[in-house]
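Trainee: Handing over target12.pdb, PDB, N, CA and C atoms.
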ATOM      1  N   MET A1329     -37.277  -0.882 119.237
ATOM      2  CA  MET A1329     -38.170   0.250 119.102
ATOM      3  C   MET A1329     -39.600  -0.245 118.886
ATOM      4  N   SER A1330     -40.518   0.347 119.555
ATOM      5  CA  SER A1330     -41.923  -0.014 119.437
ATOM      6  C   SER A1330     -42.440   0.328 118.041
ATOM      7  N   THR A1331     -43.426  -0.446 117.568
ATOM      8  CA  THR A1331     -44.010  -0.136 116.272
ATOM      9  C   THR A1331     -44.944   1.059 116.368
ATOM     10  N   LYS A1332     -45.349   1.407 117.577
ATOM     11  CA  LYS A1332     -46.223   2.565 117.760
ATOM     12  C   LYS A1332     -45.368   3.756 118.173
ATOM     13  N   ASN A1333     -45.326   4.755 117.321
ATOM     14  CA  ASN A1333     -44.502   5.927 117.560
ATOM     15  C   ASN A1333     -45.361   7.132 117.894
ATOM     16  N   LYS A1334     -44.817   8.018 118.704
ATOM     17  CA  LYS A1334     -45.507   9.265 119.015
ATOM     18  C   LYS A1334     -45.384  10.258 117.866
ATOM     19  N   PHE A1335     -44.314  10.100 117.066
ATOM     20  CA  PHE A1335     -44.048  11.011 115.963
ATOM     21  C   PHE A1335     -43.815  10.220 114.689
ATOM     22  N   CYS A1336     -44.233  10.784 113.552
ATOM     23  CA  CYS A1336     -43.945  10.166 112.263
ATOM     24  C   CYS A1336     -42.434  10.071 112.112
ATOM     25  N   GLN A1337     -41.960   8.917 111.695
ATOM     26  CA  GLN A1337     -40.523   8.697 111.563
ATOM     27  C   GLN A1337     -39.983   9.111 110.190
ATOM     28  N   SER A1338     -40.786   9.916 109.476
ATOM     29  CA  SER A1338     -40.333  10.520 108.233
ATOM     30  C   SER A1338     -40.303  12.040 108.366
ATOM     31  N   CYS A1339     -41.408  12.636 108.850
ATOM     32  CA  CYS A1339     -41.485  14.109 108.933
ATOM     33  C   CYS A1339     -41.415  14.645 110.353
ATOM     34  N   GLY A1340     -41.670  13.814 111.345
ATOM     35  CA  GLY A1340     -41.619  14.261 112.732
ATOM     36  C   GLY A1340     -42.922  14.809 113.277
ATOM     37  N   MET A1341     -43.969  14.815 112.473
ATOM     38  CA  MET A1341     -45.263  15.317 112.941
ATOM     39  C   MET A1341     -45.796  14.419 114.051
ATOM     40  N   PRO A1342     -46.394  15.009 115.091
ATOM     41  CA  PRO A1342     -47.014  14.161 116.124
ATOM     42  C   PRO A1342     -48.096  13.286 115.483
ATOM     43  N   MET A1343     -48.046  12.004 115.731
ATOM     44  CA  MET A1343     -49.030  11.094 115.137
ATOM     45  C   MET A1343     -50.453  11.439 115.589
ATOM     46  N   SER A1344     -50.581  12.074 116.750
ATOM     47  CA  SER A1344     -51.908  12.474 117.227
ATOM     48  C   SER A1344     -52.530  13.545 116.329
ATOM     49  N   LYS A1345     -51.721  14.221 115.519
ATOM     50  CA  LYS A1345     -52.220  15.259 114.607
ATOM     51  C   LYS A1345     -52.601  14.699 113.246
ATOM     52  N   ASP A1346     -52.303  13.423 113.000
ATOM     53  CA  ASP A1346     -52.602  12.811 111.710
ATOM     54  C   ASP A1346     -54.093  12.473 111.640
ATOM     55  N   PRO A1347     -54.825  13.054 110.693
ATOM     56  CA  PRO A1347     -56.269  12.776 110.607
ATOM     57  C   PRO A1347     -56.589  11.321 110.290
ATOM     58  N   GLN A1348     -55.636  10.585 109.706
ATOM     59  CA  GLN A1348     -55.854   9.179 109.362
ATOM     60  C   GLN A1348     -55.242   8.215 110.389
ATOM     61  N   SER A1349     -54.593   8.744 111.414
ATOM     62  CA  SER A1349     -53.953   7.947 112.467
ATOM     63  C   SER A1349     -52.849   7.040 111.941
ATOM     64  N   GLY A1350     -52.169   7.473 110.906
ATOM     65  CA  GLY A1350     -51.052   6.722 110.346
ATOM     66  C   GLY A1350     -51.224   6.478 108.859
ATOM     67  N   GLY A1351     -50.127   6.120 108.226
ATOM     68  CA  GLY A1351     -50.159   5.818 106.802
ATOM     69  C   GLY A1351     -50.757   4.448 106.555
ATOM     70  N   THR A1352     -50.702   4.015 105.289
ATOM     71  CA  THR A1352     -51.231   2.703 104.942
ATOM     72  C   THR A1352     -50.159   1.871 104.258
ATOM     73  N   ASN A1353     -50.127   0.597 104.619
ATOM     74  CA  ASN A1353     -49.236  -0.363 103.971
ATOM     75  C   ASN A1353     -49.845  -0.792 102.633
ATOM     76  N   ALA A1354     -49.082  -1.498 101.831
ATOM     77  CA  ALA A1354     -49.552  -1.957 100.521
ATOM     78  C   ALA A1354     -50.810  -2.824 100.636
ATOM     79  N   ASP A1355     -50.942  -3.556 101.741
ATOM     80  CA  ASP A1355     -52.113  -4.415 101.932
ATOM     81  C   ASP A1355     -53.310  -3.667 102.520
ATOM     82  N   GLY A1356     -53.156  -2.355 102.718
ATOM     83  CA  GLY A1356     -54.258  -1.543 103.235
ATOM     84  C   GLY A1356     -54.275  -1.403 104.746
ATOM     85  N   ASN A1357     -53.449  -2.172 105.453
ATOM     86  CA  ASN A1357     -53.379  -2.065 106.915
ATOM     87  C   ASN A1357     -52.725  -0.755 107.321
ATOM     88  N   ARG A1358     -53.057  -0.299 108.511
ATOM     89  CA  ARG A1358     -52.516   0.946 109.060
ATOM     90  C   ARG A1358     -51.043   0.792 109.378
ATOM     91  N   ASN A1359     -50.275   1.811 109.048
ATOM     92  CA  ASN A1359     -48.854   1.852 109.384
ATOM     93  C   ASN A1359     -48.686   2.868 110.497
ATOM     94  N   GLU A1360     -48.191   2.444 111.644
ATOM     95  CA  GLU A1360     -48.074   3.325 112.802
ATOM     96  C   GLU A1360     -46.698   3.970 112.925
ATOM     97  N   THR A1361     -45.820   3.733 111.950
ATOM     98  CA  THR A1361     -44.489   4.325 111.969
ATOM     99  C   THR A1361     -44.464   5.649 111.217
ATOM    100  N   TYR A1362     -45.234   5.732 110.139
ATOM    101  CA  TYR A1362     -45.255   6.918 109.291
ATOM    102  C   TYR A1362     -46.676   7.472 109.180
ATOM    103  N   CYS A1363     -46.787   8.790 109.082
ATOM    104  CA  CYS A1363     -48.103   9.432 108.984
ATOM    105  C   CYS A1363     -48.706   9.258 107.587
ATOM    106  N   SER A1364     -49.970   9.582 107.467
ATOM    107  CA  SER A1364     -50.673   9.427 106.191
ATOM    108  C   SER A1364     -50.212  10.432 105.139
ATOM    109  N   TYR A1365     -49.576  11.516 105.558
ATOM    110  CA  TYR A1365     -49.041  12.474 104.587
ATOM    111  C   TYR A1365     -47.762  11.937 103.945
ATOM    112  N   CYS A1366     -47.005  11.146 104.690
ATOM    113  CA  CYS A1366     -45.707  10.642 104.217
ATOM    114  C   CYS A1366     -45.771   9.263 103.576
ATOM    115  N   TYR A1367     -46.742   8.441 103.976
ATOM    116  CA  TYR A1367     -46.738   7.036 103.578
ATOM    117  C   TYR A1367     -48.137   6.586 103.196
ATOM    118  N   GLN A1368     -48.323   6.191 101.930
ATOM    119  CA  GLN A1368     -49.626   5.729 101.452
ATOM    120  C   GLN A1368     -49.441   4.520 100.552
ATOM    121  N   ASN A1369     -50.273   3.517 100.764
ATOM    122  CA  ASN A1369     -50.261   2.304  99.940
ATOM    123  C   ASN A1369     -48.886   1.643  99.873
ATOM    124  N   GLY A1370     -48.170   1.664 100.991
ATOM    125  CA  GLY A1370     -46.884   0.981 101.078
ATOM    126  C   GLY A1370     -45.714   1.720 100.467
ATOM    127  N   ALA A1371     -45.884   3.009 100.183
ATOM    128  CA  ALA A1371     -44.795   3.780  99.572
ATOM    129  C   ALA A1371     -44.765   5.198 100.133
ATOM    130  N   PHE A1372     -43.584   5.769 100.148
ATOM    131  CA  PHE A1372     -43.456   7.154 100.585
ATOM    132  C   PHE A1372     -44.022   8.083  99.522
ATOM    133  N   THR A1373     -44.658   9.157  99.944
ATOM    134  CA  THR A1373     -45.269  10.104  99.015
ATOM    135  C   THR A1373     -44.255  11.102  98.464
ATOM    136  N   PHE A1374     -43.103  11.239  99.125
ATOM    137  CA  PHE A1374     -42.047  12.148  98.672
ATOM    138  C   PHE A1374     -40.769  11.348  98.495
ATOM    139  N   ASN A1375     -40.199  11.433  97.315
ATOM    140  CA  ASN A1375     -38.938  10.744  97.056
ATOM    141  C   ASN A1375     -37.886  11.788  96.729
ATOM    142  N   GLY A1376     -36.951  11.924  97.602
ATOM    143  CA  GLY A1376     -35.875  12.893  97.454
ATOM    144  C   GLY A1376     -34.972  12.785  98.658
ATOM    145  N   THR A1377     -34.095  13.745  98.793
ATOM    146  CA  THR A1377     -33.174  13.743  99.933
ATOM    147  C   THR A1377     -33.855  14.331 101.154
ATOM    148  N   VAL A1378     -33.263  14.125 102.307
ATOM    149  CA  VAL A1378     -33.811  14.694 103.530
ATOM    150  C   VAL A1378     -33.799  16.224 103.460
ATOM    151  N   THR A1379     -32.776  16.799 102.859
ATOM    152  CA  THR A1379     -32.702  18.263 102.730
ATOM    153  C   THR A1379     -33.838  18.779 101.857
ATOM    154  N   GLU A1380     -34.114  18.088 100.761
ATOM    155  CA  GLU A1380     -35.226  18.479  99.885
ATOM    156  C   GLU A1380     -36.558  18.332 100.623
ATOM    157  N   PHE A1381     -36.685  17.261 101.407
ATOM    158  CA  PHE A1381     -37.920  17.025 102.150
ATOM    159  C   PHE A1381     -38.118  18.085 103.234
ATOM    160  N   GLN A1382     -37.048  18.467 103.901
ATOM    161  CA  GLN A1382     -37.143  19.526 104.910
ATOM    162  C   GLN A1382     -37.670  20.812 104.273
ATOM    163  N   GLU A1383     -37.125  21.174 103.127
ATOM    164  CA  GLU A1383     -37.569  22.389 102.442
ATOM    165  C   GLU A1383     -39.025  22.273 101.999
ATOM    166  N   PHE A1384     -39.405  21.110 101.487
ATOM    167  CA  PHE A1384     -40.786  20.866 101.086
ATOM    168  C   PHE A1384     -41.731  21.053 102.286
ATOM    169  N   CYS A1385     -41.377  20.461 103.415
ATOM    170  CA  CYS A1385     -42.210  20.557 104.620
ATOM    171  C   CYS A1385     -42.275  21.993 105.145
ATOM    172  N   ARG A1386     -41.136  22.681 105.146
ATOM    173  CA  ARG A1386     -41.135  24.082 105.603
ATOM    174  C   ARG A1386     -42.060  24.932 104.734
ATOM    175  N   THR A1387     -41.991  24.740 103.424
ATOM    176  CA  THR A1387     -42.848  25.496 102.504
ATOM    177  C   THR A1387     -44.313  25.227 102.788
ATOM    178  N   LYS A1388     -44.674  23.958 102.964
ATOM    179  CA  LYS A1388     -46.070  23.593 103.259
ATOM    180  C   LYS A1388     -46.527  24.198 104.586
ATOM    181  N   MET A1389     -45.670  24.170 105.583
ATOM    182  CA  MET A1389     -46.027  24.707 106.895
ATOM    183  C   MET A1389     -46.260  26.222 106.822
ATOM    184  N   VAL A1390     -45.415  26.924 106.091
ATOM    185  CA  VAL A1390     -45.573  28.375 105.941
ATOM    186  C   VAL A1390     -46.860  28.672 105.166
ATOM    187  N   GLU A1391     -47.129  27.889 104.118
ATOM    188  CA  GLU A1391     -48.383  28.051 103.355
ATOM    189  C   GLU A1391     -49.602  27.870 104.248
ATOM    190  N   ASN A1392     -49.479  27.032 105.264
ATOM    191  CA  ASN A1392     -50.589  26.770 106.186
ATOM    192  C   ASN A1392     -50.578  27.681 107.410
ATOM    193  N   GLY A1393     -49.779  28.751 107.366
ATOM    194  CA  GLY A1393     -49.842  29.764 108.417
ATOM    195  C   GLY A1393     -48.770  29.702 109.488
ATOM    196  N   GLN A1394     -47.879  28.750 109.405
ATOM    197  CA  GLN A1394     -46.802  28.656 110.401
ATOM    198  C   GLN A1394     -45.717  29.692 110.073
ATOM    199  N   SER A1395     -45.079  30.227 111.074
ATOM    200  CA  SER A1395     -43.989  31.177 110.813
ATOM    201  C   SER A1395     -42.786  30.430 110.246
ATOM    202  N   LYS A1396     -41.945  31.147 109.506
ATOM    203  CA  LYS A1396     -40.744  30.524 108.938
ATOM    204  C   LYS A1396     -39.844  29.968 110.029
ATOM    205  N   PHE A1397     -39.737  30.688 111.147
ATOM    206  CA  PHE A1397     -38.903  30.215 112.247
ATOM    207  C   PHE A1397     -39.438  28.904 112.819
ATOM    208  N   MET A1398     -40.738  28.852 113.068
ATOM    209  CA  MET A1398     -41.315  27.628 113.641
ATOM    210  C   MET A1398     -41.211  26.466 112.649
ATOM    211  N   ALA A1399     -41.408  26.745 111.367
ATOM    212  CA  ALA A1399     -41.263  25.702 110.348
ATOM    213  C   ALA A1399     -39.836  25.160 110.360
ATOM    214  N   TRP A1400     -38.862  26.033 110.456
ATOM    215  CA  TRP A1400     -37.460  25.593 110.538
ATOM    216  C   TRP A1400     -37.243  24.759 111.800
ATOM    217  N   LEU A1401     -37.765  25.247 112.922
ATOM    218  CA  LEU A1401     -37.589  24.560 114.199
ATOM    219  C   LEU A1401     -38.174  23.148 114.155
ATOM    220  N   PHE A1402     -39.366  23.011 113.582
ATOM    221  CA  PHE A1402     -40.025  21.703 113.529
ATOM    222  C   PHE A1402     -39.338  20.728 112.591
ATOM    223  N   THR A1403     -38.602  21.211 111.604
ATOM    224  CA  THR A1403     -37.996  20.313 110.617
ATOM    225  C   THR A1403     -36.513  20.062 110.844
ATOM    226  N   ARG A1404     -35.892  20.758 111.750
ATOM    227  CA  ARG A1404     -34.437  20.648 111.886
ATOM    228  C   ARG A1404     -33.959  19.292 112.386
ATOM    229  N   GLY A1405     -34.800  18.532 113.071
ATOM    230  CA  GLY A1405     -34.388  17.230 113.596
ATOM    231  C   GLY A1405     -34.708  16.041 112.699
ATOM    232  N   MET A1406     -35.205  16.296 111.497
ATOM    233  CA  MET A1406     -35.613  15.193 110.612
ATOM    234  C   MET A1406     -34.505  14.183 110.336
ATOM    235  N   LYS A1407     -33.279  14.631 110.250
ATOM    236  CA  LYS A1407     -32.164  13.733 109.913
ATOM    237  C   LYS A1407     -31.993  12.612 110.933
ATOM    238  N   ARG A1408     -32.534  12.785 112.117
ATOM    239  CA  ARG A1408     -32.411  11.774 113.176
ATOM    240  C   ARG A1408     -33.565  10.769 113.173
ATOM    241  N   LEU A1409     -34.560  10.964 112.314
ATOM    242  CA  LEU A1409     -35.709  10.062 112.268
ATOM    243  C   LEU A1409     -35.351   8.779 111.510
ATOM    244  N   VAL A1410     -36.069   7.705 111.799
ATOM    245  CA  VAL A1410     -35.774   6.382 111.252
ATOM    246  C   VAL A1410     -35.595   6.397 109.740
ATOM    247  N   ARG A1411     -36.496   7.058 109.015
ATOM    248  CA  ARG A1411     -36.429   7.037 107.551
ATOM    249  C   ARG A1411     -35.112   7.604 107.035
ATOM    250  N   TRP A1412     -34.569   8.608 107.682
ATOM    251  CA  TRP A1412     -33.423   9.343 107.152
ATOM    252  C   TRP A1412     -32.098   8.997 107.834
ATOM    253  N   LYS A1413     -32.155   8.254 108.924
ATOM    254  CA  LYS A1413     -30.973   8.014 109.759
ATOM    255  C   LYS A1413     -29.785   7.447 108.987
ATOM    256  N   ASN A1414     -30.009   6.541 108.076
ATOM    257  CA  ASN A1414     -28.906   5.887 107.380
ATOM    258  C   ASN A1414     -28.667   6.445 105.983
ATOM    259  N   ASN A1415     -29.292   7.565 105.675
ATOM    260  CA  ASN A1415     -29.115   8.170 104.331
ATOM    261  C   ASN A1415     -28.033   9.219 104.343
TER     262      ASN A1415
END
Show how you would write the structure in this file as structure tokens.
Mentor:
Amino acid sequence: MSTKNKFCQSCGMPMSKDPQSGGTNADGNRNETYCSYCYQNGAFTFNGTVTEFQEFCRTKMVENGQSKFMAWLFTRGMKRLVRWKNN
């Protein structure tokens, strides 16, 4: 798998939508696998289960004007992303 992903491998957001163009590793370098909302300073910003994270993301999306249906649709595939695949 390429280190450059089209989608964050934690939340599924298109990396092109990330204002920081990716998260940051502990050494300050850009991380192209996870977005800046999910990964900062070499650590994930949310620690919990994938189900809890899906609900967290859906809530944030609805707060930002997305419909509940679209929020559900965008988060339903998270379990297949690299971060959650083996959990």
Trainee: With distances taken over only C-alpha atoms, which of A:Phe1335, A:Phe1384, A:Phe1374, A:Phe1397 is nearest to Glu1360 (chain A)?
Mentor: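 Checking each of A:Phe1335, A:Phe1384, A:Phe1374, A:Phe1397 against Glu1360 (chain A), counting only C-alpha atoms, the winner is A:Phe1335.
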Trainee: Can you list, as an MDAnalysis selection string, the residues that the PyMOL selection byres (((chain A and resi 1339-1355 and name CA) around 9) and name CA) selects here?
Mentor: chainID A and resid 1333:1338 1356:1371 1381:1382 1385 1402:1403 1405:1406 1409 1411
Trainee: So how many Å separate CA of Ser1395 (chain A) and atom C of Asn1414 (chain A), to one decimal?
Mentor: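 Atom-to-atom, CA of Ser1395 (chain A) to atom C of Asn1414 (chain A), that is 29.5 Å.
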Trainee: Among the residues of chain A, find those DSSP assigns to strand (DSSP E or B) from the backbone and print them as number ranges by chain.
Mentor: A: 1335, 1342, 1351-1352, 1358-1359, 1367-1368, 1371-1372
Trainee: Can you measure CA of Gly1393 (chain A) to CA of Lys1413 (chain A) for me? One decimal in Å is fine.
Mentor: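 Going from CA of Gly1393 (chain A) over to CA of Lys1413 (chain A) covers 28.8 Å.
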Trainee: Looking at only N, CA and C atoms, which of A:Leu1401, A:Val1390, A:Val1378, A:Phe1372 is the one that sits closest to Asn1415 (chain A)?
Mentor: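 That would be A:Val1378, the residue with the smallest distance to Asn1415 (chain A).
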